[in-house]
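Let me begin by presenting the structure, written as structure tokens, before commenting on it.
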Amino acid sequence: MSDQQRGPSTRAVHAGLPPAEQGTPLTPGPVLAAPFHLQGAKDAAPYGYGRDGNPTWTAVEQAIGELDGGETVLFGAGMAAVCAVLEPALGPGDVLVVVEDGYPGVRGVARDRLAPRGVEVRFVPTDTEAIVAACEGATLAWIETPSNPALDVADIAAVAGAVHAQGGRLAVDNTLATPLGQRPLDLGADAAMLSATKALSGHSDLVLGAVSVRDPEWAARLRAHRSQGGAIAGPFEAWMLHRSLATLALRLERQSANALALARWLRERPEVLDVRHPGLADHPHHAIAVRQMQSFGPLVGFTLDGAERAQRFLAGLELVAEATSFGGVHSTAERRARWGTDAVADGFIRFSAGCEDLADLQADLAQALEEG
Ligand SMILES: Cc1ncc(COP(=O)(O)O)c(C=O)c1O
């Protein structure tokens, strides 16, 4: 049986592990090294200097690559991975189509770094038709699906078809779903990017990023960009990420189940004005989500009546932490409008479901809703 035929838990547990050899560890520890022994020619050994390569990176890159179905390059942050995809690919006269309701950091790179360089930047909503319509002459399209925080969904295969017809490429930010929830490369995307800081690592204790591609030349350019820019992962964090991958399927299953159950429960609450979750049957993009996703991920968005009401709710939570970021085993929530970067209502809450018992999360949310 090939690795790809195995189930998600098996793949996550075994991804990137070395072959069974007498006397070697089942799970190798981190290799902490700046220089490696390198005698003679510069490529006489697989590793020479710690900014160019490290065996612990290689192991976790193989693991993510197996889950994504591509060749993976690890970076020191999700934003380093974003910049490695966007900056070398786009110059004066090129066209970038980028979703306006995705991660604000990506929009910032487009606005502050690429547009001043003469790149034509077209911001579009996360809506398949709108993205496809904007793809005329596109060099690269960047989408995030489900988008965050609005949790809209775009049809990856349809957008890939549209941008490829123009000779361009599609990159998908797959942070929310993770490679076990959605496989952008199988759906036609050219690059799948991850902030490993979120559900991929899932313990809220590291900042890392990764990009997977199928074009080996692009992978080589991403590695060269990483060596030149120095946006590298520390080997210890890389090892922690690999260790965390073993439980990805378990975590994601619980988090996704909690998120969907809470979304259904929240919409019955009188205090809640609106609930967003791609798993709800009346979500406008539910059919696309069902078609292209294996699980809907840990996020739920819901709206309370104004900023003050939302802040009182957050202050009243006992189990759930008020914090940004998402995808960790501990549930978190925040009033997203506090950042001033997303087009959401003042009372909009982004809730990230963790691995706690559903009844305990419901009890905490209920008491905070009733208190506030
Ligand atoms: C969807 C998404 N993409 C990219 C990033 C950037 O990743 P990092 O914070 O690891 O640099 C984030 C961070 O919040 C994110 O949520």
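Going by the structure tokens order, chains are called A, B, ..., each with residues numbered from 1, while ligands are numbered from 1 in the order shown.
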Wanna dump the chain A-ligand 1 contacts at 10 Å for me, each residue with its shortest atom pair and the distance in Å to one decimal, counting only C-alpha atoms and all ligand atoms, ordered by chain and number, as a Markdown table?
| residue | atom | partner | partner_atom_place_in_ligand_line | distance |
| --- | --- | --- | --- | --- |
| A:Phe75 | CA | ligand 1 | 10 (O) | 9.1 |
| A:Gly76 | CA | ligand 1 | 10 (O) | 7.9 |
| A:Ala77 | CA | ligand 1 | 11 (O) | 4.1 |
| A:Gly78 | CA | ligand 1 | 7 (O) | 3.4 |
| A:Met79 | CA | ligand 1 | 11 (O) | 3.9 |
| A:Ala80 | CA | ligand 1 | 11 (O) | 6.5 |
| A:Ala81 | CA | ligand 1 | 11 (O) | 7.9 |
| A:Val82 | CA | ligand 1 | 4 (C) | 7.2 |
| A:Cys83 | CA | ligand 1 | 11 (O) | 10.0 |
| A:Gly102 | CA | ligand 1 | 1 (C) | 6.6 |
| A:Tyr103 | CA | ligand 1 | 1 (C) | 5.0 |
| A:Pro104 | CA | ligand 1 | 15 (C) | 8.2 |
| A:Gly105 | CA | ligand 1 | 6 (C) | 6.6 |
| A:Val106 | CA | ligand 1 | 4 (C) | 7.1 |
| A:Ile143 | CA | ligand 1 | 1 (C) | 9.9 |
| A:Glu144 | CA | ligand 1 | 1 (C) | 6.8 |
| A:Thr145 | CA | ligand 1 | 1 (C) | 8.8 |
| A:Pro146 | CA | ligand 1 | 1 (C) | 9.0 |
| A:Ser147 | CA | ligand 1 | 1 (C) | 7.5 |
| A:Asn148 | CA | ligand 1 | 1 (C) | 6.4 |
| A:Pro149 | CA | ligand 1 | 16 (O) | 8.8 |
| A:Val172 | CA | ligand 1 | 3 (N) | 9.7 |
| A:Asp173 | CA | ligand 1 | 3 (N) | 6.1 |
| A:Asn174 | CA | ligand 1 | 1 (C) | 7.2 |
| A:Thr175 | CA | ligand 1 | 1 (C) | 5.1 |
| A:Leu176 | CA | ligand 1 | 1 (C) | 6.2 |
| A:Ala177 | CA | ligand 1 | 1 (C) | 9.6 |
| A:Met193 | CA | ligand 1 | 3 (N) | 7.9 |
| A:Leu194 | CA | ligand 1 | 3 (N) | 6.6 |
| A:Ser195 | CA | ligand 1 | 10 (O) | 4.3 |
| A:Ala196 | CA | ligand 1 | 10 (O) | 6.1 |
| A:Thr197 | CA | ligand 1 | 10 (O) | 4.8 |
| A:Lys198 | CA | ligand 1 | 16 (O) | 7.2 |
| A:Ala199 | CA | ligand 1 | 16 (O) | 10.0 |
| A:Leu206 | CA | ligand 1 | 10 (O) | 8.5 |
| A:Val207 | CA | ligand 1 | 10 (O) | 5.1 |
| A:Leu208 | CA | ligand 1 | 10 (O) | 5.2 |
| A:Gly209 | CA | ligand 1 | 10 (O) | 5.5 |
| A:Ala210 | CA | ligand 1 | 10 (O) | 9.0 |
| A:Thr324 | CA | ligand 1 | 14 (O) | 8.0 |
| A:Ser325 | CA | ligand 1 | 14 (O) | 5.4 |
| A:Phe326 | CA | ligand 1 | 16 (O) | 7.4 |
| A:Gly327 | CA | ligand 1 | 16 (O) | 9.3 |
Generate the output file for the selected residues, C-alpha atoms, as a PDB file, in the first residue's frame.
ATOM      1  CA  PHE A  75      10.591  28.945   6.825  1.00  0.00           C
ATOM      2  CA  GLY A  76      11.024  30.780  10.100  1.00  0.00           C
ATOM      3  CA  ALA A  77       7.443  32.156   9.964  1.00  0.00           C
ATOM      4  CA  GLY A  78       4.343  31.953   7.830  1.00  0.00           C
ATOM      5  CA  MET A  79       5.065  35.489   6.607  1.00  0.00           C
ATOM      6  CA  ALA A  80       8.549  34.448   5.473  1.00  0.00           C
ATOM      7  CA  ALA A  81       6.885  31.725   3.388  1.00  0.00           C
ATOM      8  CA  VAL A  82       4.422  34.286   1.976  1.00  0.00           C
ATOM      9  CA  CYS A  83       7.252  36.648   0.998  1.00  0.00           C
ATOM     10  CA  GLY A 102      -7.493  36.941   3.823  1.00  0.00           C
ATOM     11  CA  TYR A 103      -4.697  37.378   6.359  1.00  0.00           C
ATOM     12  CA  PRO A 104      -3.902  41.116   6.623  1.00  0.00           C
ATOM     13  CA  GLY A 105      -0.146  40.506   6.564  1.00  0.00           C
ATOM     14  CA  VAL A 106      -0.412  39.218   2.991  1.00  0.00           C
ATOM     15  CA  ILE A 143      -6.251  33.033  -2.278  1.00  0.00           C
ATOM     16  CA  GLU A 144      -6.997  31.935   1.254  1.00  0.00           C
ATOM     17  CA  THR A 145      -9.830  29.450   1.572  1.00  0.00           C
ATOM     18  CA  PRO A 146     -11.651  29.285   3.863  1.00  0.00           C
ATOM     19  CA  SER A 147     -10.877  32.962   4.262  1.00  0.00           C
ATOM     20  CA  ASN A 148     -10.190  34.289   7.660  1.00  0.00           C
ATOM     21  CA  PRO A 149     -11.970  35.726   9.568  1.00  0.00           C
ATOM     22  CA  VAL A 172      -3.318  28.961  -1.739  1.00  0.00           C
ATOM     23  CA  ASP A 173      -2.932  29.845   1.921  1.00  0.00           C
ATOM     24  CA  ASN A 174      -4.011  26.546   3.490  1.00  0.00           C
ATOM     25  CA  THR A 175      -3.298  27.522   7.090  1.00  0.00           C
ATOM     26  CA  LEU A 176      -6.843  27.106   8.357  1.00  0.00           C
ATOM     27  CA  ALA A 177      -7.605  23.706   6.840  1.00  0.00           C
ATOM     28  CA  MET A 193       1.377  27.818   1.906  1.00  0.00           C
ATOM     29  CA  LEU A 194       1.006  27.173   5.640  1.00  0.00           C
ATOM     30  CA  SER A 195       1.494  29.207   8.749  1.00  0.00           C
ATOM     31  CA  ALA A 196       2.707  26.259  10.824  1.00  0.00           C
ATOM     32  CA  THR A 197       2.170  28.497  13.842  1.00  0.00           C
ATOM     33  CA  LYS A 198      -1.531  27.567  13.753  1.00  0.00           C
ATOM     34  CA  ALA A 199      -3.252  24.158  13.620  1.00  0.00           C
ATOM     35  CA  LEU A 206       6.127  28.181  18.011  1.00  0.00           C
ATOM     36  CA  VAL A 207       6.158  30.413  14.924  1.00  0.00           C
ATOM     37  CA  LEU A 208       7.014  28.703  11.605  1.00  0.00           C
ATOM     38  CA  GLY A 209       5.859  28.592   7.986  1.00  0.00           C
ATOM     39  CA  ALA A 210       6.084  26.338   4.950  1.00  0.00           C
ATOM     40  CA  THR A 324      -5.179  36.198  18.678  1.00  0.00           C
ATOM     41  CA  SER A 325      -3.944  33.365  16.422  1.00  0.00           C
ATOM     42  CA  PHE A 326      -5.936  30.124  16.146  1.00  0.00           C
ATOM     43  CA  GLY A 327      -5.731  26.380  15.670  1.00  0.00           C
TER      44      GLY A 327
END
Q.
When DSSP is applied to the backbone of this structure, which of segment 247-330 of chain A are assigned strand (DSSP E)? Write them out as number ranges by chain.
A. A: 274-276, 299-303, 321-322
Go ahead and save the residues from that selection, with N, CA, C and O atoms, as a short mmCIF file (atom, residue, chain, number, x, y, z; two decimals), in the first residue's frame.
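And here is the file that came out, again-v1.cif:
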data_model
loop_
_atom_site.label_atom_id
_atom_site.label_comp_id
_atom_site.auth_asym_id
_atom_site.auth_seq_id
_atom_site.Cartn_x
_atom_site.Cartn_y
_atom_site.Cartn_z
N ASP A 274 -25.37 36.53 14.24
CA ASP A 274 -25.02 35.87 12.98
C ASP A 274 -23.89 34.86 13.26
O ASP A 274 -23.04 35.12 14.12
N VAL A 275 -23.89 33.73 12.57
CA VAL A 275 -22.83 32.73 12.74
C VAL A 275 -22.27 32.36 11.38
O VAL A 275 -23.03 32.14 10.42
N ARG A 276 -20.93 32.29 11.28
CA ARG A 276 -20.27 31.89 10.02
C ARG A 276 -19.48 30.61 10.25
O ARG A 276 -18.64 30.54 11.15
N LEU A 299 -12.24 27.02 13.12
CA LEU A 299 -12.76 28.38 13.34
C LEU A 299 -14.27 28.49 13.18
O LEU A 299 -14.87 27.87 12.32
N VAL A 300 -14.84 29.33 14.04
CA VAL A 300 -16.24 29.75 13.93
C VAL A 300 -16.24 31.27 14.08
O VAL A 300 -15.55 31.80 14.96
N GLY A 301 -17.00 31.96 13.25
CA GLY A 301 -17.17 33.41 13.44
C GLY A 301 -18.59 33.68 13.89
O GLY A 301 -19.53 33.07 13.37
N PHE A 302 -18.76 34.58 14.86
CA PHE A 302 -20.13 34.96 15.23
C PHE A 302 -20.16 36.41 15.69
O PHE A 302 -19.14 36.97 16.12
N THR A 303 -21.33 37.00 15.57
CA THR A 303 -21.46 38.44 15.82
C THR A 303 -22.36 38.71 17.01
O THR A 303 -23.48 38.19 17.07
N ALA A 321 -9.43 31.37 26.33
CA ALA A 321 -8.54 32.53 26.47
C ALA A 321 -8.85 33.58 25.41
O ALA A 321 -9.11 33.22 24.25
N GLU A 322 -8.79 34.86 25.80
CA GLU A 322 -8.86 35.92 24.80
C GLU A 322 -7.45 36.08 24.23
O GLU A 322 -6.52 36.48 24.93
#
Q | Shell around Trp265 of chain A at 12 Å using only C-alpha atoms, local window under 3 positions removed, as number ranges by chain | A | A: 258-262, 268-272, 274-275, 277, 280, 300, 302, 358-359, 361-363, 365-366
(Q) I'd like the contact shell of Tyr47 of chain A - 10 Å cut-off, only C-alpha atoms, skipping same-chain residues fewer than 4 positions apart - returned as a list in words. (A)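 Once the nearby chain positions are removed, what remains is Ala33, Ala34, Pro35, Phe36, His37, Leu38, Lys42, Asp43, Arg51, Asp52, Gly53, Asn54 and Pro55 of chain A.
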Write down as a compact mmCIF listing (two decimals) with C-alpha atoms, in the first residue's frame the residues belonging to segment 57-303 of chain A that are assigned helix (DSSP H, G or I) by DSSP computed on the backbone.
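Result file follows (part33.txt):
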# COMPACT_ATOMS: atom_id res chain seq x y z
CA TRP A 57 14.31 20.69 8.55
CA THR A 58 14.64 17.94 5.97
CA ALA A 59 12.66 15.52 8.13
CA VAL A 60 9.79 17.91 8.76
CA GLU A 61 9.83 19.09 5.14
CA GLN A 62 9.46 15.48 4.02
CA ALA A 63 6.62 15.03 6.47
CA ILE A 64 4.66 18.10 5.32
CA GLY A 65 5.48 17.27 1.71
CA GLU A 66 3.98 13.81 2.13
CA LEU A 67 0.79 15.32 3.56
CA ASP A 68 0.59 18.08 0.94
CA GLY A 78 4.34 31.95 7.83
CA MET A 79 5.06 35.49 6.61
CA ALA A 80 8.55 34.45 5.47
CA ALA A 81 6.89 31.73 3.39
CA VAL A 82 4.42 34.29 1.98
CA CYS A 83 7.25 36.65 1.00
CA ALA A 84 9.27 33.80 -0.54
CA VAL A 85 6.36 33.00 -2.85
CA LEU A 86 5.35 36.56 -3.72
CA GLU A 87 8.48 38.69 -3.88
CA PRO A 88 10.68 36.77 -6.33
CA ALA A 89 7.69 35.93 -8.56
CA PRO A 104 -3.90 41.12 6.62
CA GLY A 105 -0.15 40.51 6.56
CA VAL A 106 -0.41 39.22 2.99
CA ARG A 107 -2.37 42.29 1.92
CA GLY A 108 0.31 44.41 3.59
CA VAL A 109 3.07 42.80 1.53
CA ALA A 110 1.04 43.40 -1.64
CA ARG A 111 0.29 47.02 -0.77
CA ASP A 112 3.56 48.13 0.84
CA ARG A 113 6.19 46.03 -0.94
CA LEU A 114 4.85 44.87 -4.30
CA ALA A 115 2.68 47.78 -5.50
CA PRO A 116 5.53 50.34 -5.00
CA ARG A 117 7.68 48.06 -7.18
CA THR A 128 -15.00 32.24 -7.04
CA GLU A 129 -16.65 34.29 -9.77
CA ALA A 130 -15.07 37.54 -8.61
CA ILE A 131 -11.61 35.96 -8.44
CA VAL A 132 -11.98 34.31 -11.85
CA ALA A 133 -13.14 37.61 -13.37
CA ALA A 134 -10.07 39.40 -11.95
CA ILE A 156 -9.61 26.11 -5.85
CA ALA A 157 -9.93 24.05 -9.06
CA ALA A 158 -11.96 26.77 -10.81
CA VAL A 159 -9.51 29.53 -9.83
CA ALA A 160 -6.54 27.35 -10.84
CA GLY A 161 -8.14 26.82 -14.25
CA ALA A 162 -8.72 30.55 -14.72
CA VAL A 163 -5.22 31.66 -13.75
CA HIS A 164 -3.53 28.85 -15.70
CA ALA A 165 -5.47 29.91 -18.80
CA THR A 178 -4.09 22.17 7.01
CA PRO A 179 -3.07 19.49 4.47
CA LEU A 180 -5.33 16.97 6.21
CA GLY A 181 -8.36 19.21 5.75
CA PRO A 216 11.30 21.26 -8.46
CA GLU A 217 12.82 24.43 -9.97
CA TRP A 218 10.44 26.58 -7.97
CA ALA A 219 11.34 24.60 -4.84
CA ALA A 220 15.04 25.27 -5.53
CA ARG A 221 14.32 29.00 -5.94
CA LEU A 222 12.40 29.02 -2.64
CA ARG A 223 15.39 27.41 -0.92
CA ALA A 224 17.76 29.92 -2.48
CA HIS A 225 15.50 32.78 -1.34
CA ARG A 226 15.56 31.34 2.19
CA SER A 227 19.34 31.04 2.24
CA GLN A 228 19.78 34.59 0.94
CA GLY A 229 17.17 36.20 3.18
CA PRO A 235 16.07 23.34 14.40
CA PHE A 236 14.45 22.95 17.79
CA GLU A 237 11.17 24.52 16.64
CA ALA A 238 11.35 22.47 13.46
CA TRP A 239 11.63 19.34 15.59
CA MET A 240 8.70 20.45 17.78
CA LEU A 241 6.62 20.92 14.64
CA HIS A 242 7.46 17.43 13.40
CA ARG A 243 6.60 15.96 16.79
CA SER A 244 3.28 17.82 16.75
CA LEU A 245 2.35 16.51 13.29
CA LEU A 248 -2.56 16.49 13.70
CA ALA A 249 -5.35 14.15 12.60
CA LEU A 250 -6.54 13.60 16.17
CA ARG A 251 -6.44 17.29 17.01
CA LEU A 252 -8.12 18.36 13.82
CA GLU A 253 -10.90 15.82 14.16
CA ARG A 254 -11.78 17.04 17.65
CA GLN A 255 -11.32 20.74 16.83
CA SER A 256 -13.41 20.53 13.66
CA ALA A 257 -16.16 18.58 15.44
CA ASN A 258 -16.18 21.10 18.31
CA ALA A 259 -16.27 24.05 15.88
CA LEU A 260 -19.20 22.67 13.88
CA ALA A 261 -21.16 21.70 16.99
CA LEU A 262 -20.58 25.14 18.52
CA ALA A 263 -21.58 26.87 15.27
CA ARG A 264 -24.89 24.96 15.32
CA TRP A 265 -25.39 25.69 19.01
CA LEU A 266 -24.51 29.40 18.72
CA HIS A 286 -21.13 25.14 1.68
CA ALA A 287 -21.34 23.02 -1.49
CA ILE A 288 -17.81 24.04 -2.55
CA ALA A 289 -16.49 23.38 0.97
CA VAL A 290 -18.00 19.88 1.00
CA ARG A 291 -16.52 19.16 -2.43
CA GLN A 292 -12.96 20.26 -1.74
Q) Taking only C-alpha atoms into account, which of A:Pro28, A:Gly168, A:Gly306, A:Gly48 comes nearest Ala138 of chain A? A)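 Ranking A:Pro28, A:Gly168, A:Gly306, A:Gly48 by distance to Ala138 of chain A, first place goes to A:Gly168.
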**Q.** Atom-to-atom span, atom CA of Leu96 of chain A and atom CA of Ala192 of chain A, Å
**A.**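 It comes out at 16.4 Å.
You can rank A:Gly328, A:Pro8, A:Gly29, A:Gly188 by their closest distance to Gly70 of chain A using only C-alpha atoms, and at the top of that list sits A:Gly188.
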Q) Could you pull the residues within 7 Å of Val99 of chain A, counting only C-alpha atoms, minus those fewer than 2 positions along the same chain, as number ranges by chain? A) A: 97, 101-102, 123-126, 142-143
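Note that the spacing between atom CA of Gln294 of chain A and atom CA of Arg336 of chain A amounts to 26.4 Å.
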(Q) My list of candidates is A:Leu304, A:Ala41, A:Ala246, A:Val320. Which is closest to Leu17 of chain A when distances are computed with only C-alpha atoms? (A)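 The shortest atom-to-atom distance to Leu17 of chain A comes from A:Ala246.
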